[in-house]
Structure formats: C-alpha cells, structure tokens
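Raw contents of protein35.cif, mmCIF, C-alpha atoms:
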```
data_model
loop_
_atom_site.label_atom_id
_atom_site.label_comp_id
_atom_site.auth_asym_id
_atom_site.auth_seq_id
_atom_site.Cartn_x
_atom_site.Cartn_y
_atom_site.Cartn_z
CA MET K 716 -18.10 71.22 23.00
CA VAL K 717 -16.60 74.71 23.15
CA LEU K 718 -13.26 75.23 24.88
CA LEU K 719 -13.22 78.38 27.01
CA LYS K 720 -10.93 79.81 29.65
CA CYS K 721 -11.78 80.13 33.33
CA PRO K 722 -11.71 83.87 34.15
CA VAL K 723 -10.43 83.04 37.65
CA CYS K 724 -7.58 80.55 37.12
CA GLY K 725 -7.13 80.67 33.34
CA GLY K 726 -7.64 76.92 33.04
CA ASP K 727 -9.59 75.20 30.27
CA VAL K 728 -13.35 74.82 30.63
CA GLN K 729 -15.38 72.57 28.34
CA VAL K 730 -18.81 74.03 27.69
CA ASP K 731 -21.58 72.28 25.75
CA ASP K 732 -22.41 73.82 22.36
CA ASN K 733 -26.04 74.08 23.42
CA ALA K 734 -25.32 75.87 26.72
CA LEU K 735 -27.78 78.65 27.48
CA PRO K 736 -26.81 82.09 28.79
CA GLY K 737 -27.45 81.97 32.52
CA GLU K 738 -26.25 78.40 33.06
CA VAL K 739 -23.79 78.02 35.92
CA ILE K 740 -20.74 75.74 35.93
CA GLU K 741 -18.36 74.96 38.76
CA HIS K 742 -14.80 74.79 37.48
CA GLU K 743 -12.25 72.40 38.96
CA CYS K 744 -10.51 75.39 40.57
CA GLY K 745 -13.69 75.93 42.60
CA ALA K 746 -14.87 79.04 40.74
CA LEU K 747 -18.57 79.32 40.00
CA LEU K 748 -18.88 80.52 36.40
CA GLU K 749 -21.86 81.82 34.43
CA VAL K 750 -22.29 81.29 30.70
CA TYR K 751 -23.14 84.45 28.76
CA MET K 752 -23.07 85.64 25.16
CA LYS K 753 -20.30 87.99 24.04
CA ASP K 754 -20.24 89.15 20.42
CA GLY K 755 -22.52 86.27 19.49
CA LYS K 756 -20.29 83.64 21.11
CA LEU K 757 -20.44 81.73 24.40
CA ALA K 758 -18.25 83.22 27.11
CA LEU K 759 -17.73 82.81 30.86
CA ARG K 760 -17.78 85.23 33.74
CA VAL K 761 -17.72 84.81 37.51
CA ALA K 762 -21.22 83.90 38.71
CA GLU K 763 -22.95 85.18 41.81
CA GLN K 764 -22.13 83.13 44.89
CA ILE K 765 -24.47 80.36 45.99
CA GLY K 766 -27.47 81.93 47.67
CA GLU K 767 -28.93 80.93 50.99
CA ASP K 768 -32.57 80.05 51.46
CA TRP K 769 -34.62 79.59 54.57
CA GLY K 770 -36.20 76.36 55.60
CA GLU K 771 -36.67 72.95 54.08
CA MET O 1394 -47.85 66.45 25.75
CA ARG O 1395 -47.82 70.19 25.13
CA LEU O 1396 -50.80 72.03 26.59
CA GLY O 1397 -51.56 75.75 26.62
CA LYS O 1398 -50.86 77.75 29.75
CA GLU O 1399 -54.52 77.95 30.74
CA SER O 1400 -54.95 74.16 30.42
CA VAL O 1401 -51.83 73.48 32.51
CA LEU O 1402 -52.98 75.99 35.13
CA SER O 1403 -56.45 74.49 35.25
CA LEU O 1404 -54.97 71.03 35.91
CA VAL O 1405 -52.49 72.11 38.58
CA LYS O 1406 -54.98 74.36 40.39
CA GLY O 1407 -57.48 71.49 40.41
CA VAL O 1408 -54.98 69.06 41.91
CA LEU O 1409 -53.77 71.55 44.51
CA LEU O 1410 -57.28 72.47 45.63
CA LYS O 1411 -58.13 68.79 46.02
CA LEU O 1412 -54.95 67.98 47.97
CA SER O 1413 -55.18 71.02 50.24
CA SER O 1414 -58.86 70.38 51.02
CA VAL O 1415 -57.85 67.35 53.13
CA TYR O 1416 -56.01 67.76 56.42
CA THR O 1417 -52.85 65.64 56.37
CA PRO O 1418 -50.61 66.45 59.33
CA SER O 1419 -47.76 63.96 59.80
CA GLY O 1420 -49.23 60.59 60.78
CA GLU O 1421 -52.60 61.28 59.14
CA GLU O 1422 -51.53 61.04 55.50
CA LEU O 1423 -54.17 58.42 54.68
CA ASN O 1424 -56.80 61.17 54.97
CA ALA O 1425 -55.80 61.96 51.37
CA LYS O 1426 -56.50 58.45 50.07
CA ASP O 1427 -59.83 59.20 48.35
CA VAL O 1428 -58.48 62.40 46.79
CA MET O 1429 -55.35 60.61 45.55
CA LEU O 1430 -57.46 57.83 44.03
CA GLN O 1431 -59.48 60.48 42.21
CA ILE O 1432 -56.35 62.27 40.94
CA SER O 1433 -54.84 58.92 39.86
CA LYS O 1434 -57.96 58.11 37.84
CA GLU O 1435 -58.36 61.57 36.28
CA LEU O 1436 -54.70 61.88 35.22
CA ASP O 1437 -54.22 58.20 34.33
CA LEU O 1438 -51.34 57.71 36.77
CA PRO O 1439 -51.34 54.32 38.55
CA LEU O 1440 -51.34 54.71 42.33
CA GLN O 1441 -49.64 52.70 45.07
CA ILE O 1442 -49.82 53.46 48.77
CA ASP O 1443 -47.19 52.11 51.14
CA GLU O 1444 -47.35 51.12 54.80
CA THR O 1445 -46.25 54.59 55.99
CA GLY O 1446 -48.99 56.45 54.12
CA SER O 1447 -46.76 57.53 51.21
CA TYR O 1448 -48.35 57.78 47.77
CA TYR O 1449 -46.61 56.71 44.55
CA LEU O 1450 -48.12 57.85 41.26
CA GLY O 1451 -46.97 56.88 37.78
CA SER O 1452 -44.41 54.38 36.58
CA GLN O 1453 -43.28 52.27 39.55
CA GLU O 1454 -40.22 51.09 37.57
CA SER O 1455 -38.98 54.54 36.57
CA LYS O 1456 -35.42 55.55 37.38
CA VAL O 1457 -36.51 59.19 37.63
CA LEU O 1458 -38.21 60.15 40.88
CA LEU O 1459 -40.05 63.38 41.62
CA ALA O 1460 -40.34 63.29 45.40
CA SER O 1461 -42.38 65.72 47.44
CA HIS O 1462 -44.43 65.14 50.57
CA ILE O 1463 -48.11 64.90 51.41
CA ASP O 1464 -47.93 65.73 55.11
CA THR O 1465 -48.05 69.25 56.49
CA VAL O 1466 -47.33 70.93 59.79
CA PRO O 1467 -50.36 70.85 62.14
CA GLY O 1468 -53.25 73.32 61.92
CA PHE O 1469 -55.74 73.05 59.09
CA ILE O 1470 -56.41 76.19 57.05
CA GLN O 1471 -59.20 75.87 54.50
CA PRO O 1472 -57.83 76.34 50.97
CA LYS O 1473 -59.06 79.37 49.09
CA ASP O 1474 -58.84 80.23 45.41
CA GLU O 1475 -58.14 83.97 45.51
CA GLY O 1476 -58.32 84.50 41.75
CA SER O 1477 -54.58 84.75 41.11
CA ALA O 1478 -53.29 82.61 43.98
CA ILE O 1479 -54.28 79.74 46.24
CA SER O 1480 -53.92 79.97 50.01
CA GLY O 1481 -54.28 77.28 52.69
CA ARG O 1482 -52.32 74.87 54.84
CA GLY O 1483 -49.54 73.19 52.89
CA VAL O 1484 -50.03 74.98 49.56
CA VAL O 1485 -46.37 76.10 49.76
CA ASP O 1486 -44.93 73.27 51.85
CA ALA O 1487 -45.32 71.12 49.91
CA LYS O 1488 -48.67 70.44 48.23
CA GLY O 1489 -47.94 73.14 45.62
CA PRO O 1490 -44.70 71.44 44.51
CA LEU O 1491 -46.40 68.01 44.76
CA SER O 1492 -49.32 69.17 42.58
CA ALA O 1493 -46.90 70.61 40.00
CA MET O 1494 -44.99 67.31 39.96
CA ILE O 1495 -48.17 65.27 39.49
CA VAL O 1496 -49.35 67.40 36.57
CA ALA O 1497 -45.86 67.43 35.01
CA SER O 1498 -45.74 63.62 35.18
CA HIS O 1499 -49.16 63.46 33.49
CA LEU O 1500 -47.84 65.67 30.66
CA LEU O 1501 -44.61 63.64 30.44
CA LYS O 1502 -46.55 60.40 30.18
CA GLY O 1503 -48.17 61.78 27.05
CA ASP O 1504 -44.65 62.26 25.64
CA GLY O 1505 -43.61 58.69 26.45
CA CYS O 1506 -41.40 59.77 29.37
CA ASP O 1507 -42.67 57.85 32.39
CA VAL O 1508 -41.62 59.02 35.83
CA LEU O 1509 -42.54 58.18 39.40
CA VAL O 1510 -44.02 60.86 41.65
CA ALA O 1511 -43.91 60.35 45.40
CA GLY O 1512 -46.09 62.14 47.94
CA LEU O 1513 -44.01 60.97 50.88
CA SER O 1514 -45.26 60.75 54.45
CA ASP O 1515 -43.91 62.19 57.68
CA GLU O 1516 -41.44 64.66 56.12
CA GLU O 1517 -42.34 67.24 58.77
CA ARG O 1518 -41.44 64.82 61.55
CA LEU O 1519 -38.97 61.94 61.08
CA SER O 1520 -39.22 61.30 57.30
CA ALA O 1521 -40.76 57.84 57.74
CA GLY O 1522 -41.87 57.80 54.07
CA ALA O 1523 -38.45 58.63 52.62
CA LYS O 1524 -36.72 56.22 55.02
CA ALA O 1525 -39.09 53.40 53.99
CA LEU O 1526 -38.21 54.05 50.34
CA VAL O 1527 -34.49 53.84 51.17
CA ARG O 1528 -35.04 50.59 53.09
CA LYS O 1529 -36.72 49.06 50.03
CA GLY O 1530 -33.39 49.34 48.23
CA ARG O 1531 -34.69 51.31 45.28
CA GLN O 1532 -32.07 53.19 43.23
CA PHE O 1533 -32.77 56.16 40.98
CA SER O 1534 -30.68 57.85 38.30
CA HIS O 1535 -32.20 61.29 38.98
CA VAL O 1536 -34.23 62.56 41.91
CA ILE O 1537 -35.86 65.98 42.13
CA VAL O 1538 -37.09 66.81 45.62
CA GLY O 1539 -40.20 69.00 45.61
CA GLU O 1540 -39.72 71.66 48.23
CA PRO O 1541 -40.33 75.39 47.80
CA THR O 1542 -37.19 77.13 46.57
CA SER O 1543 -38.82 80.49 45.83
CA THR O 1544 -39.53 79.29 42.25
CA SER O 1545 -36.20 80.24 40.65
CA GLY O 1546 -33.73 78.69 43.09
CA VAL O 1547 -32.37 75.16 42.81
CA ALA O 1548 -31.17 73.73 46.11
CA ILE O 1549 -27.91 71.81 46.01
CA GLU O 1550 -27.14 71.75 49.71
CA TYR O 1551 -29.02 71.19 52.96
CA ARG O 1552 -27.73 71.25 56.50
CA GLY O 1553 -27.91 68.13 58.61
CA VAL O 1554 -29.87 67.72 61.83
CA ALA O 1555 -29.27 65.89 65.08
CA HIS O 1556 -31.62 65.58 68.03
CA PHE O 1557 -30.23 64.90 71.48
CA ASP O 1558 -32.14 63.87 74.62
CA ILE O 1559 -30.22 64.50 77.82
CA TYR O 1560 -31.20 63.16 81.24
CA CYS O 1561 -29.47 64.44 84.36
CA THR O 1562 -30.05 63.28 87.93
CA SER O 1563 -29.07 64.49 91.37
CA ARG O 1564 -29.97 64.08 95.02
CA GLU O 1565 -33.25 65.78 95.87
CA GLY O 1566 -33.63 67.79 99.03
CA HIS O 1567 -35.39 70.62 100.78
CA SER O 1568 -35.09 73.77 98.73
CA SER O 1569 -34.48 75.87 101.87
CA SER O 1570 -31.20 74.20 102.79
CA LEU O 1571 -29.67 72.27 99.85
CA LYS O 1572 -26.64 74.09 98.45
CA TYR O 1573 -26.67 72.33 95.07
CA ASN O 1574 -29.52 72.86 92.59
CA LEU O 1575 -29.91 70.71 89.48
CA ILE O 1576 -31.89 73.36 87.57
CA GLU O 1577 -29.10 75.89 88.14
CA ASP O 1578 -26.43 73.38 87.15
CA VAL O 1579 -28.16 72.18 83.96
CA SER O 1580 -29.19 75.74 83.01
CA ARG O 1581 -25.57 76.87 83.21
CA ARG O 1582 -24.51 74.07 80.89
CA ILE O 1583 -27.35 74.86 78.45
CA VAL O 1584 -26.19 78.48 78.26
CA GLU O 1585 -22.60 77.29 77.75
CA LEU O 1586 -23.60 75.10 74.80
CA TYR O 1587 -26.23 77.34 73.26
CA SER O 1588 -25.30 78.52 69.79
CA PRO O 1589 -28.12 80.19 67.87
CA ALA O 1590 -28.36 80.21 64.08
CA SER O 1591 -25.89 82.83 62.85
CA GLU O 1592 -23.81 81.65 59.90
CA TYR O 1593 -24.48 78.77 57.51
CA ASP O 1594 -21.25 76.99 58.37
CA LYS O 1595 -21.49 77.56 62.11
CA PRO O 1596 -23.39 74.74 63.84
CA SER O 1597 -26.49 75.82 65.72
CA ILE O 1598 -27.09 74.08 69.05
CA VAL O 1599 -30.48 75.10 70.33
CA PRO O 1600 -32.30 73.84 73.44
CA THR O 1601 -35.95 73.26 72.58
CA ILE O 1602 -37.31 71.41 75.64
CA PHE O 1603 -36.30 71.69 79.31
CA ARG O 1604 -38.18 69.94 82.11
CA SER O 1605 -37.35 69.66 85.77
CA GLY O 1606 -38.91 69.90 89.20
CA SER O 1607 -41.88 68.27 90.88
CA ALA O 1608 -42.84 70.38 93.86
CA MET O 1609 -42.59 74.01 94.97
CA ASN O 1610 -40.27 73.32 97.90
CA VAL O 1611 -38.15 70.42 96.62
CA ALA O 1612 -34.81 70.87 94.88
CA PRO O 1613 -35.31 68.56 91.89
CA LYS O 1614 -33.59 65.23 91.36
CA GLU O 1615 -34.19 64.97 87.60
CA ALA O 1616 -33.80 67.24 84.58
CA TYR O 1617 -34.43 66.63 80.91
CA VAL O 1618 -33.10 68.77 78.05
CA HIS O 1619 -33.55 68.39 74.33
CA PHE O 1620 -31.14 69.95 71.83
CA ASP O 1621 -31.86 70.55 68.14
CA VAL O 1622 -28.52 70.71 66.31
CA ARG O 1623 -28.02 71.87 62.71
CA TYR O 1624 -24.71 71.74 60.87
CA SER O 1625 -23.25 71.87 57.37
CA VAL O 1626 -20.99 69.53 55.38
CA ARG O 1627 -18.07 71.72 56.43
CA ASN O 1628 -18.61 70.96 60.13
CA SER O 1629 -17.51 67.87 62.02
CA PHE O 1630 -20.41 66.03 63.60
CA ASP O 1631 -18.01 64.09 65.83
CA GLU O 1632 -16.75 67.35 67.32
CA ILE O 1633 -20.30 68.55 67.99
CA TYR O 1634 -21.21 65.21 69.59
CA GLN O 1635 -18.06 65.30 71.70
CA ARG O 1636 -18.78 68.86 72.85
CA ILE O 1637 -22.30 67.97 73.97
CA SER O 1638 -21.18 64.72 75.61
CA SER O 1639 -18.37 66.36 77.54
CA THR O 1640 -20.57 69.24 78.71
CA PHE O 1641 -23.04 66.68 80.07
CA LYS O 1642 -20.49 63.97 80.92
CA ASP O 1643 -22.25 62.98 84.15
CA CYS O 1644 -25.65 62.77 82.42
CA ARG O 1645 -27.16 60.28 79.98
CA VAL O 1646 -26.84 61.65 76.44
CA GLU O 1647 -28.93 59.98 73.74
CA LEU O 1648 -28.72 60.77 70.04
CA ILE O 1649 -32.30 60.03 69.01
CA GLU O 1650 -32.25 61.30 65.42
CA HIS O 1651 -29.47 62.10 62.98
CA LEU O 1652 -29.60 63.06 59.32
CA PRO O 1653 -26.23 64.04 57.85
CA PRO O 1654 -25.98 67.16 55.65
CA VAL O 1655 -26.07 66.78 51.88
CA LYS O 1656 -24.24 68.69 49.18
CA THR O 1657 -24.34 68.13 45.45
CA SER O 1658 -23.00 70.11 42.49
CA VAL O 1659 -24.20 72.49 39.79
CA ASN O 1660 -22.32 70.24 37.33
CA THR O 1661 -24.89 67.43 37.53
CA ALA O 1662 -27.33 66.67 34.72
CA VAL O 1663 -30.28 67.14 37.07
CA TYR O 1664 -29.17 70.63 38.20
CA ARG O 1665 -28.43 71.56 34.62
CA ALA O 1666 -31.82 70.34 33.37
CA LEU O 1667 -33.66 72.32 36.06
CA SER O 1668 -31.68 75.48 35.38
CA ARG O 1669 -32.15 75.18 31.61
CA ALA O 1670 -35.88 74.67 32.14
CA LEU O 1671 -36.04 77.87 34.21
CA ILE O 1672 -34.02 79.82 31.64
CA SER O 1673 -36.38 78.64 28.87
CA LEU O 1674 -39.25 80.10 30.93
CA GLY O 1675 -37.47 83.46 31.14
CA LEU O 1676 -36.16 83.13 34.69
CA LYS O 1677 -32.63 83.43 36.05
CA PRO O 1678 -31.91 80.26 38.01
CA SER O 1679 -29.67 80.41 41.02
CA PRO O 1680 -28.06 77.64 43.05
CA VAL O 1681 -29.05 77.87 46.70
CA ARG O 1682 -28.24 76.13 49.93
CA LYS O 1683 -30.90 75.65 52.59
CA TRP O 1684 -30.56 76.20 56.31
CA GLY O 1685 -33.01 73.43 57.10
CA THR O 1686 -33.23 69.72 56.33
CA SER O 1687 -35.48 67.88 53.92
CA ASP O 1688 -36.07 64.46 52.39
CA MET O 1689 -33.11 65.28 50.11
CA ASN O 1690 -30.87 64.40 53.07
CA VAL O 1691 -32.57 61.00 53.32
CA LEU O 1692 -32.86 60.21 49.61
CA ALA O 1693 -29.34 61.27 48.53
CA PRO O 1694 -27.85 57.78 49.12
CA ILE O 1695 -30.31 56.17 46.67
CA ALA O 1696 -29.92 58.80 43.95
CA LYS O 1697 -27.11 59.00 41.43
CA GLU O 1698 -27.98 62.70 41.10
CA ILE O 1699 -30.28 64.82 43.23
CA ALA O 1700 -31.44 68.43 43.59
CA ALA O 1701 -34.41 70.19 45.16
CA TYR O 1702 -36.71 72.59 43.41
CA GLY O 1703 -40.23 73.83 43.89
CA PRO O 1704 -42.65 76.70 43.36
CA GLY O 1705 -43.60 78.93 46.27
CA ASP O 1706 -41.99 81.43 48.61
CA SER O 1707 -39.99 79.44 51.12
CA LYS O 1708 -40.42 82.18 53.76
CA LEU O 1709 -44.11 81.24 53.93
CA GLU O 1710 -43.38 77.64 54.95
CA HIS O 1711 -44.89 76.67 58.31
CA THR O 1712 -46.78 79.96 58.62
CA ASP O 1713 -50.52 80.64 58.63
CA TYR O 1714 -49.99 82.71 55.46
CA GLU O 1715 -49.06 79.99 52.98
CA ARG O 1716 -50.01 81.22 49.52
CA VAL O 1717 -48.82 80.25 46.06
CA THR O 1718 -49.60 82.27 42.95
CA TYR O 1719 -50.93 80.85 39.70
CA GLU O 1720 -47.74 82.01 37.99
CA GLU O 1721 -45.56 80.15 40.50
CA LEU O 1722 -47.60 76.98 39.99
CA TYR O 1723 -47.33 77.27 36.21
CA ILE O 1724 -43.57 77.91 36.30
CA GLY O 1725 -43.10 75.04 38.74
CA THR O 1726 -45.07 72.59 36.62
CA MET O 1727 -43.33 73.55 33.39
CA THR O 1728 -39.91 73.52 35.05
CA TYR O 1729 -40.42 69.93 36.19
CA TYR O 1730 -41.83 69.04 32.78
CA ASN O 1731 -39.02 70.62 30.73
CA ALA O 1732 -36.29 69.37 33.06
CA VAL O 1733 -37.44 65.74 33.11
CA LYS O 1734 -38.10 65.81 29.38
CA GLU O 1735 -34.47 66.81 28.85
CA LEU O 1736 -33.29 64.04 31.19
CA CYS O 1737 -35.44 61.50 29.31
CA ARG O 1738 -34.11 62.75 25.96
CA ASN O 1739 -30.50 62.53 27.14
CA SER O 1740 -31.00 59.01 28.52
CA GLN O 1741 -32.22 57.85 25.10
CA THR O 1742 -29.23 59.28 23.19
#
```
Have the structure of the file written as structure tokens, please.
Amino acid sequence: MVLLKCPVCGGDVQVDDNALPGEVIEHECGALLEVYMKDGKLALRVAEQIGEDWGE
Amino acid sequence: MRLGKESVLSLVKGVLLKLSSVYTPSGEELNAKDVMLQISKELDLPLQIDETGSYYLGSQESKVLLASHIDTVPGFIQPKDEGSAISGRGVVDAKGPLSAMIVASHLLKGDGCDVLVAGLSDEERLSAGAKALVRKGRQFSHVIVGEPTSTSGVAIEYRGVAHFDIYCTSREGHSSSLKYNLIEDVSRRIVELYSPASEYDKPSIVPTIFRSGSAMNVAPKEAYVHFDVRYSVRNSFDEIYQRISSTFKDCRVELIEHLPPVKTSVNTAVYRALSRALISLGLKPSPVRKWGTSDMNVLAPIAKEIAAYGPGDSKLEHTDYERVTYEELYIGTMTYYNAVKELCRNSQT
C-alpha cells in the first residue's frame, strides 16, 4: 500500500501498490479521486464527476 | 486461455450472429433454445434453462455471475454482418454484451476460472428471469450486469421505477347538461402531477396511458391513468407515493410494479477489476449512473458486489438502428475476461 493525501480534504488515502493510472477511488470525504503518475510515483488528483448515461 | 484478437472476434461475432438470428421478444425467449444448445456444445459450457426461459451457461455453482438478458424489445430486424460491425435487433441491448460474456466465460474456463453466465428472460418487461433467480435464494460474491455502457463506462447507479394504475369513477350523464366532467377533472390532476425527465435526482412522473369515455354524447363515468415514475436513491419513494395518492385521493391507486434504485461504489473489487481491465486495453474508464432501470436493481440484494458494464452505444438501445462494432465486441469480451480473471486471482490469494 502507498499512503497518499486527498487533494480535497488533506486526509490519508491508502492506494494499492499496483494501482494503474486512470483508476478512480472515492475517499471517505466524498471526493472522487483519480490515480496518476507524477515524477514516476503514484499521485492523486480530483477525478471527473460521475457521468450520466441514457437507458438501461 | 489467451487467444489472438482475430480468434476472439471470430468467436464473439459467431455467437452474436446466432443469437440475433432468432427473434426473442419478452415472453418468447425459448425461441433461442436450439441456438443456445448449439453454443453450449461448441464452447463446452453446460446449459440449464429455467421455467421463465432464462438460460444459464457454465458453472452452476460459481459465485461469480455474468448476467445479461436474452429478450429484446419487439420488432425483429434481421442481423447483418457489415464487415466492421453487426446490426440487428438486440445486438446492442443486450445480445452483444451477452455474446461477449459467453465468449469470455469460455476463455476463462480454459484458465480454470469457472463462472456462470445468465441470459435472463423478460428484462424488457418485468424482469421475470432475474426475479426467479432471486427467489431461488442464490448468493453471489460478484455480479457483472451486461448492459451497454458505451464500452468504456461502468455503471454504479440506476434509478428505480414504479408503475401506478389509477382508476377514477364518477356519475355519468348527458354531455349537453352535466356540469362535471371526469376527463376534465382527471386531466387537470395529470397535468398537476406531470414531471418530465429533467435532472437525475428529480423524480420523473410521466403519464403513459389514459383511457376514458364510451360514447360521443355521454360524460364518462370511468377513467384510467397509468404513471411511469423514475427516481434516484436521493429521492424519497414514500413522498412520491404520498403525492400521487393525495392527488387522486378519491380514486383507487394501485402500485403494480416497484423496483427501488440501486447505488454501489467505485471502491468495490468488481468496479476496480472492470476499470483495470479497460485501462489495460488502452481505454479511460469512467463511472456512470443510468437514467433507466435494469436487472442490476433486481439482482443487487443477492450480490455482495455488483456493477454493470457492456459493449455498445447505449443511445442505440430500443431503436431500429442497433449496431455494435467489431472493436466494441472485442473490448467488451476482453474486459469481462480480464476483470473476472483478476477477481478469480484475488479470491485464490
């Protein structure tokens, strides 16, 4: 596990070592966070909001 | 079992063309029996058919369920292989996702990861197939619902649905002299309640059937209205029910169908496995919420974790232009395959 900080609330976020850039995590503060690579290391940024899709 | 892209495509196209060559509107799912028997034999996936016309392929004991549906909306459209896509009734909703699930389970079986694939019945009507599965008391660790999510979306939320029948009565009389008119009265209340689809978290209350009147010169004594109501997990169903009941307090209000909304999380293993599978195929996965309702609403209580995913453009559902590309079918198949393989691997560690 890698310990990162939530860019919204500053709280701790546990991220799996094998997380892939593009994975999305919902933090306990409610923020939707996206894993990305920064200087060769896993980092977090605010993800796009949940999209809406037509139909079933 | 790793196969090359062309081999995977050949398998999934073959299954989809077979499934879409038979007309299976809700209630006529058994029309696909011969085709399903053939697919079962060719892909070495044991087949069971239940009393509702649902098909179950693969390991009947598996705790992982890939659940799509075999029925389509009415109106047969002959399937056509267009060279880079397949068109026809149901190829998007949901025989494309179902075909991808069947081929993925065949590949997974070769890897020692047995799953159960369901081609459920009646999804386009009252979900008789999914409800029968719930009644049987089966429980699953992970369920992936096969519905089109525009190939890179993973659905974690669906709105709920409620259907109301309302019967109003009055005194009939000659239309030339009666001061009260039931059609006018009920129409006014329909307009008062009507709330078209506008925002995800705003309930929609839509009249879909209205019948009244029996003769040209008689003010009617009976009126019937049907409302189709959709709402999200952030709405109160009790408030909606109360609003409809109080608007028609002197009428008989019957709730004839109700499926609560469902919401899950991106933090589940099943969402994560689907998104990682998409990333490994070069796509950017996105969590989505759907305005409609699906078997995910029905199956959620029997699944520890659940999400919906499927190849195909969801905007083509229920249209005469259903069409799924080879690329979408390949991505869909490999997404199911990679995702379930990860779930199997994690369950063994």
Can you check which parts of segment 1527-1627 of chain O lie within 10 Å of segment 1724-1731 of chain O? Per residue, the shortest pair of atoms and distance in Å to one decimal, counting all atoms listed in the file, sorted by chain and number, as JSON lines.
```
{"residue": "O:Ile1537", "atom": "CA", "partner": "O:Tyr1729", "partner_atom": "CA", "distance": 8.5}
{"residue": "O:Gly1539", "atom": "CA", "partner": "O:Tyr1729", "partner_atom": "CA", "distance": 9.5}
{"residue": "O:Pro1541", "atom": "CA", "partner": "O:Gly1725", "partner_atom": "CA", "distance": 9.5}
{"residue": "O:Ser1543", "atom": "CA", "partner": "O:Gly1725", "partner_atom": "CA", "distance": 9.9}
{"residue": "O:Thr1544", "atom": "CA", "partner": "O:Gly1725", "partner_atom": "CA", "distance": 6.6}
{"residue": "O:Ser1545", "atom": "CA", "partner": "O:Gly1725", "partner_atom": "CA", "distance": 8.8}
```
Exercise. Name the residues that the PyMOL selection byres ((chain K) within 9 of (chain O)) pulls out of this structure, and write them as a PyMOL selection string.
Key: chain K and resi 734-742+747+763-771
Quiz item: So how many Å separate atom CA of Val1508 of chain O and atom CA of Thr1657 of chain O, to one decimal?
Solution: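 Distance between the two atoms: 21.8 Å.
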Exercise. Please identify all polymer residues lying at most 9 Å from the point (-48.2, 79.3, 33.0) (file coordinates), using only C-alpha atoms, and present the result as a ChimeraX atom specification.
Key: /O:1397-1402,1719-1727
Practice problem: List, as a list in words, every residue that the PyMOL selection byres ((chain K and resi 723) around 10) selects in the file provided. | Solution: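 Applied to this file, the PyMOL selection byres ((chain K and resi 723) around 10) selects Lys720, Cys721, Pro722, Cys724, Gly725, Gly726, His742, Cys744, Gly745, Ala746, Leu747, Leu748, Leu759, Arg760 and Val761 of chain K.
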Quiz item: Just so the selection is clear, what residues does the PyMOL selection byres ((chain O and resi 1570-1579) around 10) cover here, as a PyMOL selection string?
Solution: chain O and resi 1560-1569+1580-1585+1603-1606+1611-1618+1640-1641+1644
Self-check item: Atomic separation - atom CA of Val1485 of chain O relative to atom CA of Val1717 of chain O, Å
Solution: 6.1 Å
Quiz item: Which protein, DNA or RNA residues have an atom at most 9 Å from (-46.0, 61.6, 41.9), counting only C-alpha atoms? List them as a list in words.
Solution: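 Neighbouring residues, ordered by chain and number, come to Leu1438, Leu1440, Tyr1448, Tyr1449, Leu1450, Gly1451, Leu1458, Leu1459, Ala1460, Ser1461, Leu1491, Ser1492, Met1494, Ile1495, Val1496, Ser1498, Val1508, Leu1509, Val1510, Ala1511 and Gly1512 of chain O.
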Restricting it to C-alpha atoms, dump the selection as a CSV table (one decimal), keeping the file's coordinate frame.
```csv
chain,number,residue,atom,x,y,z
O,1438,LEU,CA,-51.3,57.7,36.8
O,1440,LEU,CA,-51.3,54.7,42.3
O,1448,TYR,CA,-48.4,57.8,47.8
O,1449,TYR,CA,-46.6,56.7,44.6
O,1450,LEU,CA,-48.1,57.8,41.3
O,1451,GLY,CA,-47.0,56.9,37.8
O,1458,LEU,CA,-38.2,60.2,40.9
O,1459,LEU,CA,-40.0,63.4,41.6
O,1460,ALA,CA,-40.3,63.3,45.4
O,1461,SER,CA,-42.4,65.7,47.4
O,1491,LEU,CA,-46.4,68.0,44.8
O,1492,SER,CA,-49.3,69.2,42.6
O,1494,MET,CA,-45.0,67.3,40.0
O,1495,ILE,CA,-48.2,65.3,39.5
O,1496,VAL,CA,-49.4,67.4,36.6
O,1498,SER,CA,-45.7,63.6,35.2
O,1508,VAL,CA,-41.6,59.0,35.8
O,1509,LEU,CA,-42.5,58.2,39.4
O,1510,VAL,CA,-44.0,60.9,41.6
O,1511,ALA,CA,-43.9,60.4,45.4
O,1512,GLY,CA,-46.1,62.1,47.9
```
Exercise. Check the smallest atom-to-atom distance from each of O:Lys1426, O:His1462, O:Arg1518, O:Lys1488 to Val1408 of chain O using all atoms listed in the file, then report the winner.
Key: O:Lys1488
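A straight line drawn from atom CA of Tyr1714 of chain O to atom CA of Ser1480 of chain O is 7.3 Å long.
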Exercise. Might you pull out every residue within 8 Å of Gly1489 of chain O, with all atoms listed in the file counted and same-chain residues fewer than 4 positions away left off, and present them as JSON, numbers by chain?
Key: {"O": [1409, 1483, 1484, 1485, 1493, 1703, 1704, 1705, 1717, 1722]}
Exercise. Write out as an MDAnalysis selection string which residues come within 6 Å of Val717 of chain K when counting only C-alpha atoms, dropping same-chain ones fewer than 3 positions away.
Key: chainID K and resid 729:730 732
Selected residues written out with C-alpha atoms, as a tab-separated table (two decimals), keeping the file's coordinate frame:
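Everything below was put into selection.tsv:
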```
chain	number	residue	atom	x	y	z
K	729	GLN	CA	-15.38	72.57	28.34
K	730	VAL	CA	-18.81	74.03	27.69
K	732	ASP	CA	-22.41	73.82	22.36
```
